[in-house]
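Peer 1: Can you read through this structure? Questions will come right after.
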Amino acid sequence: MLDNGNDHDWFASPMILTLGIIALVCLTFLIVWELHAKHPVVELALFKRRNFTVSVVALSLGMMAFFGINVVFPLWLQIDLGYTATWAGLASAPVGVLAFLMAPVIGANIQRLELRAVVTFAFIVFAVTSFWFASFDSSASFGTLVLPRFVMGIGIACFFIPLNQMYLSGLNADQVASASAWPTSVARWPRASPPRPR
């Protein structure tokens, strides 16, 4: 539905409408099933925890912002500015430099940092660099385009690592695997253990 919607005028198309209804019914069935399953594949009960819910929402919004730019930016370079795929990649690549350098520093000091403040700072960096990108036109030079990508790397390091720590905090040991999106079959693999006292 999402892949072909734009080509078929979305819900004006009977095929897209049918696929949308099927998706809605299946997602509803999935939610009901997962809420009542003994060993759910997607543990929806985790959303009762405020830390987990807020962190997952923030992570989703941040990923949308980050990957939205990552998709649009190289396409714009190639379609409007005439860059080759190689040069569009080179213009996009600097985002990883500061992220690579700062990630170990953030990780080593994770216990000393106020994680909410760090994540808020990351959102500010994403917002500033996004508005920075919006100010460019087709006359922008390669060096001008590269600079905001370089700065955005600060936001990546300050965003993903603290949020991963935040949404796992306060969870029981048996919930960490589900919260981390690991397969629950691995998390619940039978282990040899002594019998429990009665």
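By order of appearance in the structure tokens: chains A, B, ..., then residues from 1 within every chain, and ligands from 1 in the order shown.
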Within 10 Å of Phe100 of chain A, counting only C-alpha atoms, which residues show up once you throw out same-chain ones fewer than 2 positions away? Write them as a list in words, please.

Peer 2: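 The residues satisfying every condition are Val95, Gly96, Val97, Leu98, Met102, Ala103, Pro104, Val105, Gly153, Ile154, Ile156 and Ala157 of chain A.
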
Peer 1: Taking only C-alpha atoms into account, name the residue in A:Phe131, A:Phe11, A:Phe160, A:Phe150 that is nearest to Ser60 of chain A.

Peer 2: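 Checking each of A:Phe131, A:Phe11, A:Phe160, A:Phe150 against Ser60 of chain A, counting only C-alpha atoms, the winner is A:Phe160.
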
Peer 1: Near Gly89 of chain A, within 12 Å and counting only C-alpha atoms, which residues show up once chain neighbours fewer than 5 positions away are dropped, as a list in words?

Peer 2: Asn70, Val71, Phe73, Pro74, Leu75, Trp76, Leu77, Gln78, Tyr83, Thr84, Pro94, Val95, Gly96, Phe142, Leu145, Val146 and Arg149 of chain A

Peer 1: So that I can check the secondary structure, give me every residue of segment 4-140 of chain A assigned alpha helix (DSSP H) by backbone DSSP, as a ChimeraX atom specification.

Peer 2: /A:14-36,50-79,85-92,95-108,115-134

Peer 1: Please measure the separation of atom CA of Leu2 of chain A and atom CA of Met15 of chain A, giving the value in Å to one decimal.

Peer 2: 11.6 Å

Peer 1: Do you know which residues are at most 10 Å from segment 132-137 of chain A counting only C-alpha atoms, after dropping those on the same chain fewer than 5 positions away, and could you put them as an MDAnalysis selection string?

Peer 2: chainID A and resid 69 73 80:81 126:127 144:145 147:149

Peer 1: Can you spit out the residues from that selection as a PDB file, in the first residue's frame, using N, CA, C and O atoms?

Peer 2:
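Heads up, here's the output in out.pdb:
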```pdb
ATOM      1  N   ILE A  69      16.046  13.479   6.297  1.00  0.00           N
ATOM      2  CA  ILE A  69      17.106  14.292   5.706  1.00  0.00           C
ATOM      3  C   ILE A  69      18.062  13.406   4.904  1.00  0.00           C
ATOM      4  O   ILE A  69      18.503  13.768   3.805  1.00  0.00           O
ATOM      5  N   PHE A  73      18.275  14.611   1.084  1.00  0.00           N
ATOM      6  CA  PHE A  73      19.477  15.383   0.765  1.00  0.00           C
ATOM      7  C   PHE A  73      20.231  14.843  -0.452  1.00  0.00           C
ATOM      8  O   PHE A  73      20.468  15.584  -1.414  1.00  0.00           O
ATOM      9  N   ASP A  80      18.560  18.043  -8.565  1.00  0.00           N
ATOM     10  CA  ASP A  80      18.544  19.493  -8.790  1.00  0.00           C
ATOM     11  C   ASP A  80      19.927  20.101  -9.036  1.00  0.00           C
ATOM     12  O   ASP A  80      20.055  21.079  -9.767  1.00  0.00           O
ATOM     13  N   LEU A  81      20.949  19.548  -8.387  1.00  0.00           N
ATOM     14  CA  LEU A  81      22.282  20.140  -8.523  1.00  0.00           C
ATOM     15  C   LEU A  81      23.173  19.374  -9.494  1.00  0.00           C
ATOM     16  O   LEU A  81      24.295  19.787  -9.755  1.00  0.00           O
ATOM     17  N   PHE A 126      19.459  18.814  15.498  1.00  0.00           N
ATOM     18  CA  PHE A 126      18.721  18.369  14.308  1.00  0.00           C
ATOM     19  C   PHE A 126      17.880  19.508  13.726  1.00  0.00           C
ATOM     20  O   PHE A 126      17.827  19.696  12.508  1.00  0.00           O
ATOM     21  N   ALA A 127      17.217  20.276  14.603  1.00  0.00           N
ATOM     22  CA  ALA A 127      16.362  21.368  14.137  1.00  0.00           C
ATOM     23  C   ALA A 127      17.188  22.468  13.469  1.00  0.00           C
ATOM     24  O   ALA A 127      16.847  22.940  12.377  1.00  0.00           O
ATOM     25  N   THR A 144      29.791  24.445   1.351  1.00  0.00           N
ATOM     26  CA  THR A 144      28.639  24.967   2.094  1.00  0.00           C
ATOM     27  C   THR A 144      27.691  23.841   2.471  1.00  0.00           C
ATOM     28  O   THR A 144      27.131  23.828   3.567  1.00  0.00           O
ATOM     29  N   LEU A 145      27.520  22.891   1.561  1.00  0.00           N
ATOM     30  CA  LEU A 145      26.600  21.773   1.800  1.00  0.00           C
ATOM     31  C   LEU A 145      27.152  20.788   2.826  1.00  0.00           C
ATOM     32  O   LEU A 145      26.398  20.168   3.571  1.00  0.00           O
ATOM     33  N   LEU A 147      29.174  21.387   5.462  1.00  0.00           N
ATOM     34  CA  LEU A 147      29.298  21.884   6.840  1.00  0.00           C
ATOM     35  C   LEU A 147      28.130  21.496   7.746  1.00  0.00           C
ATOM     36  O   LEU A 147      28.355  20.973   8.848  1.00  0.00           O
ATOM     37  N   PRO A 148      26.858  21.695   7.345  1.00  0.00           N
ATOM     38  CA  PRO A 148      25.777  21.278   8.245  1.00  0.00           C
ATOM     39  C   PRO A 148      25.704  19.773   8.448  1.00  0.00           C
ATOM     40  O   PRO A 148      25.297  19.313   9.513  1.00  0.00           O
ATOM     41  N   ARG A 149      26.120  19.007   7.445  1.00  0.00           N
ATOM     42  CA  ARG A 149      26.173  17.546   7.625  1.00  0.00           C
ATOM     43  C   ARG A 149      27.203  17.192   8.697  1.00  0.00           C
ATOM     44  O   ARG A 149      26.968  16.302   9.519  1.00  0.00           O
TER      45      ARG A 149
END
```

Peer 1: Rank nothing, just name the residue among A:Tyr167, A:Phe159, A:Trp10, A:Phe66 nearest to Leu46 of chain A, using only C-alpha atoms.

Peer 2: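 Closest to Leu46 of chain A of all the choices is A:Tyr167.
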
Peer 1: Atom CA of Val125 of chain A to atom CA of Met152 of chain A: how many Å, to one decimal?

Peer 2: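 Atom-to-atom, atom CA of Val125 of chain A and atom CA of Met152 of chain A are spaced 6.4 Å apart.
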
Peer 1: Which residues, written as a tab-separated table (two decimals) with C-alpha atoms, in the first residue's frame, have at least one atom at most 12 Å from Leu19 of chain A, with only C-alpha atoms counted and residues fewer than 5 positions away on the same chain left out?

Peer 2:
```tsv
chain	number	residue	atom	x	y	z
A	1	MET	CA	0.00	0.00	0.00
A	2	LEU	CA	2.69	2.50	1.01
A	3	ASP	CA	4.98	1.50	-1.83
A	4	ASN	CA	2.39	1.89	-4.60
A	5	GLY	CA	0.04	4.51	-3.13
A	10	TRP	CA	-3.82	6.61	-2.90
A	11	PHE	CA	-7.35	5.83	-1.66
A	13	SER	CA	-7.59	3.36	-6.10
A	14	PRO	CA	-9.67	0.26	-5.14
A	24	LEU	CA	-6.00	-1.95	9.51
A	25	VAL	CA	-7.75	-5.26	10.29
A	26	CYS	CA	-4.45	-7.12	10.59
```

Peer 1: Nearest to Ser138 of chain A among A:Ile124, A:Ile79, A:Leu168, A:Ala23, with distances taken over only C-alpha atoms: which residue is it?

Peer 2: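 Closest to Ser138 of chain A, using only C-alpha atoms: A:Ile79.
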
Peer 1: Counting only C-alpha atoms, which residues of segment 23-100 of chain A sit at most 12 Å from some atom of segment 109-117 of chain A, and what is each one's closest atom pair with its distance in Å to one decimal, listed by chain and rising residue number, as a Markdown table?

Peer 2:
```
| residue | atom | partner | partner_atom | distance |
| --- | --- | --- | --- | --- |
| A:Asn51 | CA | A:Arg116 | CA | 10.7 |
| A:Val54 | CA | A:Arg116 | CA | 10.7 |
| A:Ser55 | CA | A:Arg116 | CA | 9.6 |
| A:Ala58 | CA | A:Arg116 | CA | 10.6 |
```

Peer 1: Pick out the closest residue to Ala99 of chain A from this set: A:Gly155, A:Ala85, A:Leu44, A:Ser141. Count only C-alpha atoms.

Peer 2: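 Among the listed residues, A:Gly155 lies closest to Ala99 of chain A.
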